[in-house]
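Okay, my_file.txt now, which holds compact mmCIF, C-alpha atoms:
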# COMPACT_ATOMS: atom_id res chain seq x y z
CA MET A 158 -118.94 -133.93 100.32
CA LYS A 159 -117.96 -137.33 101.68
CA GLN A 160 -118.55 -140.14 99.21
CA ALA A 161 -120.44 -143.28 100.21
CA ALA A 162 -118.59 -146.24 101.66
CA LEU A 163 -117.23 -148.80 99.18
CA THR A 164 -117.77 -152.55 99.36
CA ILE A 165 -115.97 -154.85 96.91
CA THR A 166 -117.70 -158.21 96.86
CA ASN A 167 -117.25 -161.67 95.38
CA GLY A 168 -113.48 -161.72 95.20
CA LEU A 169 -110.43 -163.68 96.31
CA LEU A 170 -108.76 -161.70 99.08
CA VAL A 171 -104.96 -161.60 98.98
CA THR A 172 -103.76 -161.40 102.58
CA ARG A 173 -100.27 -161.42 104.09
CA GLU A 174 -100.18 -165.19 104.51
CA GLY A 175 -101.71 -168.20 102.78
CA ALA A 176 -103.69 -168.69 99.61
CA PRO A 177 -106.30 -166.11 98.53
CA VAL A 178 -109.66 -166.68 100.23
CA SER A 179 -113.18 -165.84 99.07
CA GLY A 180 -114.69 -162.77 100.63
CA ALA A 181 -115.34 -159.04 100.47
CA ILE A 182 -113.77 -155.83 101.70
CA ARG A 183 -115.47 -152.65 102.92
CA CYS A 184 -113.90 -149.20 102.99
CA ASP A 185 -115.23 -146.02 104.57
CA GLY A 186 -113.49 -142.78 103.65
CA ASP A 187 -109.88 -143.66 102.92
CA ARG A 188 -109.65 -146.62 105.30
CA ILE A 189 -110.41 -150.33 105.25
CA VAL A 190 -113.08 -150.99 107.89
CA ALA A 191 -113.98 -154.66 107.35
CA ILE A 192 -112.58 -157.64 105.47
CA GLY A 193 -113.51 -161.29 105.29
CA ALA A 194 -115.99 -163.91 104.19
CA ASP A 195 -118.82 -162.44 106.27
CA VAL A 196 -118.56 -158.84 105.03
CA VAL A 197 -121.73 -157.61 103.28
CA PRO A 198 -122.59 -154.21 101.79
CA GLN A 199 -124.54 -151.79 103.94
CA GLU A 200 -127.33 -149.54 102.76
CA GLY A 201 -126.01 -146.72 100.59
CA ASP A 202 -122.66 -148.36 99.84
CA ARG A 203 -121.03 -148.19 96.45
CA ILE A 204 -120.78 -151.83 95.39
CA GLU A 205 -118.15 -153.32 93.09
CA ASP A 206 -118.35 -156.97 92.03
CA ALA A 207 -114.87 -158.51 91.70
CA ARG A 208 -116.40 -161.42 89.75
CA GLY A 209 -114.15 -163.97 91.37
CA LYS A 210 -110.90 -162.12 90.63
CA LEU A 211 -108.18 -161.18 93.10
CA ILE A 212 -108.77 -158.34 95.54
CA ALA A 213 -105.23 -157.23 96.39
CA PRO A 214 -103.41 -154.27 97.91
CA GLY A 215 -102.34 -151.53 95.51
CA LEU A 216 -98.66 -151.87 94.66
CA VAL A 217 -96.02 -149.73 96.36
CA ASP A 218 -93.25 -149.10 93.81
CA LEU A 219 -89.96 -148.34 95.54
CA GLY A 220 -87.75 -146.15 93.41
CA VAL A 221 -89.33 -144.75 90.25
CA PHE A 222 -87.52 -142.05 88.28
CA ALA A 223 -90.64 -140.36 86.89
CA ILE A 224 -94.21 -139.81 88.09
CA ASP A 225 -95.82 -141.33 85.03
CA LYS A 226 -99.43 -141.71 86.21
CA PRO A 227 -100.94 -143.57 83.23
CA ALA A 228 -98.24 -146.24 83.41
CA LEU A 229 -98.34 -146.48 87.20
CA HIS A 230 -102.12 -146.84 87.27
CA PHE A 231 -102.05 -149.41 84.46
CA GLY A 232 -99.66 -151.45 86.59
CA GLY A 233 -101.81 -151.30 89.73
CA ILE A 234 -99.43 -148.95 91.53
CA THR A 235 -101.06 -146.61 94.05
CA ARG A 236 -97.87 -145.42 95.75
CA ALA A 237 -94.60 -144.48 94.09
CA ALA A 238 -91.38 -143.69 95.95
CA LEU A 239 -89.70 -141.09 93.76
CA MET A 240 -85.93 -141.29 93.32
CA PRO A 241 -84.03 -138.06 94.10
CA ASP A 242 -82.48 -138.02 90.61
CA GLN A 243 -84.73 -135.24 89.33
CA ASN A 244 -84.06 -131.84 87.79
CA PRO A 245 -83.43 -130.20 90.20
CA PRO A 246 -82.46 -133.05 92.57
CA LEU A 247 -84.57 -133.71 95.65
CA ASP A 248 -81.91 -132.30 97.95
CA ARG A 249 -83.90 -129.46 99.55
CA SER A 250 -87.09 -129.33 101.58
CA SER A 251 -88.84 -127.21 98.94
CA THR A 252 -88.31 -129.74 96.12
CA VAL A 253 -89.28 -132.62 98.40
CA ARG A 254 -92.47 -130.85 99.49
CA TYR A 255 -93.41 -130.13 95.87
CA ALA A 256 -92.78 -133.75 94.87
CA ALA A 257 -94.87 -135.05 97.77
CA GLN A 258 -97.85 -133.04 96.47
CA SER A 259 -97.32 -133.92 92.80
CA GLY A 260 -99.48 -137.03 92.73
CA LYS A 261 -102.69 -135.54 94.11
CA PRO A 262 -105.45 -136.57 93.99
CA ASP A 263 -105.03 -140.00 92.40
CA LEU A 264 -101.52 -141.19 93.36
CA TRP A 265 -99.48 -141.22 96.55
CA VAL A 266 -95.98 -139.88 95.83
CA HIS A 267 -93.35 -140.55 98.51
CA PRO A 268 -90.16 -138.60 97.78
CA LEU A 269 -86.80 -140.15 98.60
CA ALA A 270 -84.45 -137.47 99.87
CA ALA A 271 -81.06 -137.07 98.19
CA ALA A 272 -78.34 -138.35 100.49
CA THR A 273 -75.89 -135.65 99.42
CA ARG A 274 -76.14 -132.18 97.94
CA GLY A 275 -76.66 -132.40 94.21
CA LEU A 276 -76.24 -136.19 94.55
CA GLU A 277 -72.51 -135.54 94.21
CA GLY A 278 -71.52 -137.93 96.99
CA SER A 279 -69.68 -135.45 99.21
CA ASP A 280 -71.71 -133.09 101.43
CA ILE A 281 -74.66 -134.60 103.29
CA ALA A 282 -77.94 -132.86 102.43
CA GLU A 283 -80.41 -131.31 104.92
CA ILE A 284 -82.07 -134.64 105.62
CA ALA A 285 -84.02 -133.68 108.74
CA LEU A 286 -85.67 -130.76 106.93
CA MET A 287 -86.50 -133.02 103.98
CA ARG A 288 -88.00 -135.62 106.32
CA ASP A 289 -90.25 -132.93 107.79
CA ALA A 290 -91.22 -131.92 104.23
CA GLY A 291 -92.39 -135.44 103.41
CA ALA A 292 -89.36 -137.57 102.53
CA LYS A 293 -89.94 -141.19 103.55
CA ALA A 294 -86.37 -142.47 103.15
CA VAL A 295 -82.97 -141.30 101.90
CA ALA A 296 -81.38 -142.50 98.66
CA THR A 297 -77.93 -142.22 97.12
CA GLY A 298 -79.53 -142.02 93.67
CA ARG A 299 -78.08 -143.70 90.60
CA HIS A 300 -74.58 -143.79 92.10
CA TRP A 301 -72.59 -145.22 94.99
CA ILE A 302 -71.13 -142.91 97.63
CA ALA A 303 -67.43 -143.67 97.23
CA ASP A 304 -66.21 -141.82 100.33
CA SER A 305 -66.58 -144.18 103.30
CA GLY A 306 -66.49 -141.35 105.82
CA THR A 307 -69.37 -139.58 104.11
CA MET A 308 -71.36 -142.83 103.94
CA LEU A 309 -70.78 -143.56 107.64
CA ARG A 310 -71.90 -140.06 108.66
CA LEU A 311 -74.97 -140.44 106.46
CA LEU A 312 -75.89 -143.80 108.00
CA ARG A 313 -75.44 -142.50 111.55
CA TYR A 314 -77.53 -139.41 110.84
CA CYS A 315 -80.32 -141.42 109.25
CA ALA A 316 -80.28 -143.93 112.12
CA MET A 317 -80.82 -141.03 114.51
CA LEU A 318 -83.72 -139.75 112.38
CA GLY A 319 -85.30 -143.19 111.96
CA LEU A 320 -84.93 -143.18 108.17
CA SER A 321 -83.76 -146.03 105.93
CA VAL A 322 -80.92 -145.44 103.49
CA ILE A 323 -81.51 -146.78 99.98
CA ALA A 324 -78.18 -147.39 98.30
CA HIS A 325 -76.93 -148.07 94.80
CA ALA A 326 -74.42 -150.91 94.94
CA GLU A 327 -71.63 -150.58 92.39
CA ASP A 328 -68.06 -149.66 93.31
CA SER A 329 -67.49 -146.76 90.93
CA GLY A 330 -63.73 -147.25 91.03
CA LEU A 331 -64.23 -150.59 89.30
CA THR A 332 -67.21 -149.78 87.07
CA GLY A 333 -65.89 -146.54 85.57
CA SER A 334 -67.64 -146.10 82.22
CA ALA A 335 -68.64 -149.76 81.91
CA VAL A 336 -72.01 -150.54 80.33
CA ALA A 337 -71.92 -154.34 80.60
CA THR A 338 -70.84 -157.15 82.90
CA ALA A 339 -67.40 -158.60 82.19
CA SER A 340 -68.22 -161.84 80.39
CA GLU A 341 -67.91 -163.67 77.10
CA MET A 342 -70.86 -161.64 75.78
CA ALA A 343 -69.26 -158.26 76.57
CA THR A 344 -66.01 -159.42 74.97
CA ARG A 345 -67.78 -160.59 71.82
CA LEU A 346 -69.63 -157.27 71.51
CA GLY A 347 -66.60 -155.14 72.38
CA LEU A 348 -68.48 -153.31 75.15
CA PRO A 349 -66.76 -151.56 78.10
CA SER A 350 -67.36 -153.92 81.01
CA ALA A 351 -66.80 -154.29 84.75
CA PRO A 352 -66.48 -157.39 86.94
CA VAL A 353 -69.43 -158.61 89.01
CA GLU A 354 -67.24 -158.06 92.08
CA ALA A 355 -67.96 -154.31 91.77
CA GLU A 356 -71.36 -155.01 93.30
CA ALA A 357 -70.11 -157.30 96.06
CA LEU A 358 -67.38 -154.86 97.10
CA ALA A 359 -69.88 -152.00 97.40
CA VAL A 360 -72.26 -154.22 99.38
CA ALA A 361 -69.53 -155.45 101.73
CA ARG A 362 -68.40 -151.93 102.61
CA ASP A 363 -71.90 -150.56 103.08
CA ILE A 364 -72.95 -153.50 105.27
CA ALA A 365 -69.90 -152.94 107.48
CA LEU A 366 -70.72 -149.23 107.81
CA ALA A 367 -74.42 -149.87 108.48
CA GLU A 368 -73.47 -152.35 111.20
CA MET A 369 -71.21 -149.72 112.79
CA ALA A 370 -73.93 -147.08 112.60
CA GLY A 371 -76.86 -149.25 113.67
CA ALA A 372 -78.68 -148.01 110.57
CA LYS A 373 -81.34 -149.51 108.31
CA LEU A 374 -79.88 -150.10 104.85
CA HIS A 375 -81.67 -151.19 101.69
CA PHE A 376 -79.89 -152.04 98.45
CA ARG A 377 -82.31 -151.05 95.68
CA GLN A 378 -81.02 -153.56 93.12
CA ILE A 379 -78.89 -156.60 93.94
CA THR A 380 -78.07 -158.72 90.91
CA THR A 381 -75.10 -161.01 91.67
CA ARG A 382 -74.62 -164.21 93.65
CA GLY A 383 -71.62 -162.83 95.58
CA ALA A 384 -73.51 -159.77 96.82
CA LEU A 385 -76.56 -161.84 97.73
CA ASP A 386 -74.41 -164.19 99.82
CA LEU A 387 -73.03 -161.20 101.74
CA ILE A 388 -76.53 -159.84 102.40
CA ARG A 389 -77.83 -163.27 103.43
CA ALA A 390 -74.99 -163.64 105.95
CA ALA A 391 -75.54 -160.13 107.34
CA GLN A 392 -79.26 -160.75 107.76
CA LYS A 393 -78.52 -163.96 109.69
CA ARG A 394 -76.36 -162.06 112.19
CA GLY A 395 -79.04 -159.43 112.69
CA VAL A 396 -77.91 -156.51 110.54
CA ALA A 397 -80.86 -154.36 109.41
CA VAL A 398 -80.08 -154.81 105.72
CA SER A 399 -82.52 -155.64 102.93
CA ALA A 400 -82.33 -156.07 99.18
CA GLY A 401 -84.50 -155.37 96.16
CA VAL A 402 -84.45 -156.14 92.46
CA THR A 403 -86.31 -155.28 89.27
CA PRO A 404 -87.91 -157.89 86.99
CA ALA A 405 -85.30 -157.40 84.25
CA HIS A 406 -82.65 -159.01 86.44
CA PHE A 407 -84.65 -162.16 87.20
CA MET A 408 -86.07 -162.43 83.68
CA LEU A 409 -83.02 -161.65 81.52
CA SER A 410 -79.31 -162.46 81.37
CA ASP A 411 -76.62 -160.71 79.37
CA THR A 412 -77.40 -162.89 76.35
CA ALA A 413 -80.18 -160.34 75.72
CA LEU A 414 -77.45 -157.88 74.65
CA ALA A 415 -76.57 -159.95 71.57
CA ASP A 416 -78.07 -157.49 69.07
CA PHE A 417 -76.83 -154.34 70.89
CA ARG A 418 -80.43 -153.59 71.88
CA THR A 419 -80.31 -150.45 73.99
CA PHE A 420 -83.64 -151.26 75.65
CA CYS A 421 -81.51 -153.82 77.55
CA ARG A 422 -79.04 -151.17 78.76
CA PHE A 423 -79.45 -151.02 82.54
CA SER A 424 -77.64 -149.91 85.66
CA PRO A 425 -76.56 -152.31 87.09
CA PRO A 426 -76.10 -154.12 83.77
CA LEU A 427 -77.60 -157.50 82.94
CA ARG A 428 -75.63 -160.34 84.48
CA ARG A 429 -74.61 -163.86 83.51
CA GLU A 430 -77.10 -166.71 83.76
CA ASP A 431 -75.75 -168.02 87.06
CA ASP A 432 -76.37 -164.63 88.68
CA ARG A 433 -79.88 -164.49 87.22
CA LYS A 434 -80.60 -167.85 88.84
CA ALA A 435 -79.12 -166.61 92.11
CA VAL A 436 -81.55 -163.69 92.09
CA ILE A 437 -84.49 -166.06 91.69
CA GLU A 438 -83.19 -168.21 94.56
CA ALA A 439 -82.86 -165.11 96.74
CA ILE A 440 -86.44 -164.10 95.99
CA GLY A 441 -87.58 -167.59 96.94
CA ASP A 442 -85.70 -167.72 100.25
CA GLY A 443 -86.56 -164.14 101.27
CA THR A 444 -83.09 -162.60 100.97
CA ILE A 445 -84.63 -160.24 98.40
CA SER A 446 -87.69 -158.71 100.03
CA ILE A 447 -88.79 -156.07 97.49
CA ILE A 448 -89.45 -156.16 93.75
CA ALA A 449 -89.78 -152.74 92.13
CA SER A 450 -90.19 -151.51 88.57
CA GLY A 451 -87.28 -149.08 88.41
CA HIS A 452 -89.63 -147.15 86.10
CA ASP A 453 -87.49 -144.85 83.97
CA PRO A 454 -89.16 -143.95 80.65
CA ARG A 455 -86.55 -142.91 78.08
CA GLY A 456 -87.31 -141.49 74.66
CA PRO A 457 -85.47 -142.10 71.38
CA GLU A 458 -83.02 -139.27 72.09
CA ASP A 459 -81.69 -141.37 75.00
CA LYS A 460 -82.02 -144.85 73.51
CA ARG A 461 -81.46 -144.64 69.75
CA LEU A 462 -77.71 -144.36 70.18
CA PRO A 463 -74.73 -146.71 70.11
CA PHE A 464 -75.07 -149.08 73.07
CA ALA A 465 -72.25 -147.51 75.09
CA ASP A 466 -73.76 -144.03 74.64
CA ALA A 467 -77.39 -144.91 75.45
CA GLU A 468 -78.86 -144.01 78.83
CA PRO A 469 -79.74 -146.89 81.18
CA GLY A 470 -83.29 -147.58 82.28
CA MET A 471 -86.60 -149.13 81.28
CA ALA A 472 -90.29 -148.30 81.40
CA GLY A 473 -91.18 -150.93 84.00
CA ALA A 474 -94.39 -149.91 85.76
CA GLU A 475 -96.79 -151.68 83.41
CA THR A 476 -94.95 -155.00 83.47
CA LEU A 477 -94.05 -155.13 87.18
CA LEU A 478 -97.11 -157.15 88.21
CA PRO A 479 -97.30 -159.70 85.36
CA LEU A 480 -93.57 -160.43 85.42
CA THR A 481 -93.73 -161.02 89.18
CA MET A 482 -96.72 -163.31 88.56
CA ASN A 483 -94.31 -165.48 86.52
CA LEU A 484 -92.55 -166.30 89.79
CA VAL A 485 -95.86 -167.46 91.26
CA ARG A 486 -96.67 -169.65 88.26
CA ASP A 487 -93.15 -171.12 88.37
CA GLY A 488 -93.54 -172.03 92.04
CA VAL A 489 -90.75 -169.74 93.27
CA ILE A 490 -93.15 -167.85 95.58
CA ASP A 491 -96.85 -168.01 96.42
CA MET A 492 -99.42 -165.28 95.82
CA ALA A 493 -99.17 -163.89 99.36
CA ALA A 494 -95.38 -163.58 99.01
CA ALA A 495 -95.76 -161.81 95.66
CA PHE A 496 -97.76 -159.02 97.25
CA ARG A 497 -95.44 -158.82 100.23
CA LEU A 498 -92.65 -158.18 97.72
CA LEU A 499 -94.71 -155.70 95.68
CA ALA A 500 -96.66 -153.88 98.41
CA THR A 501 -96.29 -154.86 102.07
CA ASN A 502 -92.51 -154.78 102.37
CA PRO A 503 -91.92 -151.52 100.45
CA ALA A 504 -94.71 -149.88 102.47
CA GLY A 505 -92.97 -151.04 105.66
CA LEU A 506 -89.63 -149.61 104.54
CA LEU A 507 -91.28 -146.26 103.80
CA GLY A 508 -93.25 -146.33 107.05
CA VAL A 509 -96.62 -145.76 105.37
CA ASN A 510 -99.94 -147.15 106.58
CA ALA A 511 -100.63 -149.25 103.51
CA GLY A 512 -99.45 -152.25 101.51
CA ALA A 513 -101.85 -154.87 102.85
CA LEU A 514 -105.56 -155.60 103.15
CA GLU A 515 -106.12 -155.04 106.86
CA VAL A 516 -108.60 -153.06 108.93
CA GLY A 517 -107.30 -149.57 109.64
CA LEU A 518 -104.93 -149.36 106.70
CA GLN A 519 -105.37 -147.02 103.75
CA ALA A 520 -107.86 -148.29 101.16
CA ASP A 521 -105.38 -148.78 98.33
CA ILE A 522 -106.95 -151.71 96.49
CA ALA A 523 -106.65 -153.43 93.12
CA ILE A 524 -108.89 -155.96 91.40
CA ILE A 525 -106.60 -158.20 89.37
CA ASP A 526 -107.14 -160.96 86.84
CA ALA A 527 -103.96 -162.94 87.49
CA ASP A 528 -104.47 -165.16 84.44
CA ARG A 529 -105.49 -162.61 81.82
CA PRO A 530 -103.05 -162.77 78.89
CA TRP A 531 -101.78 -159.74 77.01
CA ILE A 532 -98.88 -158.78 74.77
CA VAL A 533 -96.36 -156.13 75.84
CA SER A 534 -96.03 -153.53 73.09
CA SER A 535 -93.55 -150.67 73.33
CA ALA A 536 -95.64 -148.75 70.78
CA LYS A 537 -98.86 -149.02 72.79
CA MET A 538 -97.63 -148.58 76.35
CA ALA A 539 -99.26 -146.04 78.63
CA ALA A 540 -95.78 -144.91 79.72
CA ALA A 541 -94.28 -141.61 78.61
CA ALA A 542 -91.82 -143.71 76.58
CA GLY A 543 -91.99 -147.40 75.70
CA ASN A 544 -88.40 -148.45 76.39
CA THR A 545 -89.14 -152.00 77.51
CA PRO A 546 -86.92 -155.02 76.87
CA PHE A 547 -90.09 -157.15 76.87
CA ASP A 548 -91.61 -155.74 73.67
CA GLY A 549 -93.70 -158.43 71.93
CA GLN A 550 -93.61 -160.78 74.91
CA GLY A 551 -96.76 -162.49 76.12
CA VAL A 552 -97.52 -162.03 79.82
CA GLN A 553 -100.35 -162.84 82.23
CA GLY A 554 -101.86 -160.60 84.88
CA ARG A 555 -103.89 -157.46 84.37
CA VAL A 556 -105.33 -154.85 86.72
CA LEU A 557 -109.07 -154.45 86.16
CA ALA A 558 -109.82 -151.69 88.69
CA LEU A 559 -107.83 -149.59 91.15
CA TRP A 560 -108.61 -147.45 94.20
CA LYS A 561 -106.29 -145.01 95.95
CA GLY A 562 -107.50 -144.22 99.48
CA GLY A 563 -111.00 -145.33 98.49
CA LEU A 564 -111.00 -143.15 95.35
CA LYS A 565 -111.35 -145.06 92.10
CA VAL A 566 -108.52 -144.17 89.77
CA GLY A 567 -108.42 -146.99 87.21
Encoding of this model in structure tokens:
Amino acid sequence: MKQAALTITNGLLVTREGAPVSGAIRCDGDRIVAIGADVVPQEGDRIEDARGKLIAPGLVDLGVFAIDKPALHFGGITRAALMPDQNPPLDRSSTVRYAAQSGKPDLWVHPLAAATRGLEGSDIAEIALMRDAGAKAVATGRHWIADSGTMLRLLRYCAMLGLSVIAHAEDSGLTGSAVATASEMATRLGLPSAPVEAEALAVARDIALAEMAGAKLHFRQITTRGALDLIRAAQKRGVAVSAGVTPAHFMLSDTALADFRTFCRFSPPLRREDDRKAVIEAIGDGTISIIASGHDPRGPEDKRLPFADAEPGMAGAETLLPLTMNLVRDGVIDMAAAFRLLATNPAGLLGVNAGALEVGLQADIAIIDADRPWIVSSAKMAAAAGNTPFDGQGVQGRVLALWKGGLKVG
């Protein structure tokens, strides 16, 4: 039985451009059918009063490592692009098809196909079959593809299929078993470290190959000034290359490692302060076009270890929105840009009909109190594990209600 149309009234509509404007939005079935100041409920509609809060698109989280619904819903995420680093890896059509169905009925899951069999970096996987099974892009996973010939063949194949390649950018020949950035901090702590140039070298090679192949290339996390300069230059000459980042790399520098806290063990590792500032500049000027959570809940068996032995990753879904709101409050970006980074741009990369409040798009909608304060607590998180580096930190921005394709889920 079809449910009644939904009208959300009395809110501030977050559109692609400009400041939020007062108005309402109406959805029928799973689509947005009207939006604006003159929209009024029709007889029989379900009515939700936004009470003056933001009406925004549901977030599209590009590159989560686990489908952790409570955490994703808490964070206002209606669509999650699942990394291929699963057990088993998403390197066959059957595993991709299963993953694509795994979020029903209250979350869109968009699998990212493994670039190579077993994510081993050598033999290209059956990408066309995985695309037909529901894969929305192709990813190299947690690692860089070291063989340039394999990477070029991958980029050419994906260009032919119309799929973006999402790459990890660290030259493995330089990083080896490093767990930190080469710096005074790593030296003081005695941690295995690698130079920041490992990222720039990987980026330079992959940009050159993408330019040869005419492919669309996205670097999931770019964290250094040198790599950002290379991407900025490539974008200016028309290469179809984009960059993303997670909040940890614009919020924290490697000084956070001072007490060997494994909740700050990431891949790529935290960088020096100058690189952190470069990331913020790149968000402000549009070089970085996507902010994602990198959601990777890790239990004590992975984190309560010596720093060099701990697994990288953080539970990021719940803090993605409020930490991005910091950039708005600091004047780095405006509200419209924040939701382009969190929703519109990742939806565009995946080729899904969502990520913005526009007639005809999927009714993925969040009501958000952008100013509501709360304290991050690793012990109270909705995530499967609370491995956050922001434990005890005060933040602002909370999702009050959430709809996925017109279905209320939070």
Give me the residues within 7 Å of Trp301 in chain A as number ranges by chain, counting all atoms listed in the file and dropping any in the same chain fewer than 3 places off. A: 297, 324-329
Considering all atoms listed in the file, return as a ChimeraX atom specification whatever protein or nucleic-acid residues lie within 7 Å of range 441-455 of chain A, sequence-local ones (same chain, fewer than 6 positions apart) excluded. /A:218-223,389,399-404,470-474,477,489-490,498-499,502-503,540-544
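Atom pair CA of Leu514 in chain A / CA of Val178 in chain A has a distance of 12.2 Å (rounded to one decimal).
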Using all atoms listed in the file, determine which residues lie at most 10 Å from Phe231 in chain A, disregarding the query and same-chain residues fewer than 3 positions distant; provide the list as a PyMOL selection string. chain A and resi 226-228+234+474-476+478+538-540+555-559+566-567
For a quick check of understanding, using all atoms listed in the file, which of A:Gly551, A:Gly168, A:Gly456, A:Gly201 has the smallest distance to Trp531 in chain A?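 Selected residue with least distance to Trp531 in chain A: A:Gly551.
Interatomic distance, CA of Asp185 in chain A to CA of Ala493 in chain A: 24.6 Å.
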Find the nearest atom pair between each residue of range 270-322 of chain A and range 346-360 of chain A for residues within 12 Å, count only C-alpha atoms, give distances in Å to one decimal, sort rows by chain and ascending number, and present the table as a tab-separated table.
residue	atom	partner	partner_atom	distance
A:His300	CA	A:Ala359	CA	10.8
A:Trp301	CA	A:Ala359	CA	7.7
A:Ile302	CA	A:Ala359	CA	9.2
A:Ala303	CA	A:Ala359	CA	8.7
A:Asp304	CA	A:Ala359	CA	11.2
A:Ser305	CA	A:Ala359	CA	10.3
A:Met308	CA	A:Ala359	CA	11.4
Given only C-alpha atoms as the counted atoms, nearest of A:Gly193, A:Gly505, A:Pro426, A:Gly260 to Asn167 in chain A: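 Selected residue with least distance to Asn167 in chain A: A:Gly193.
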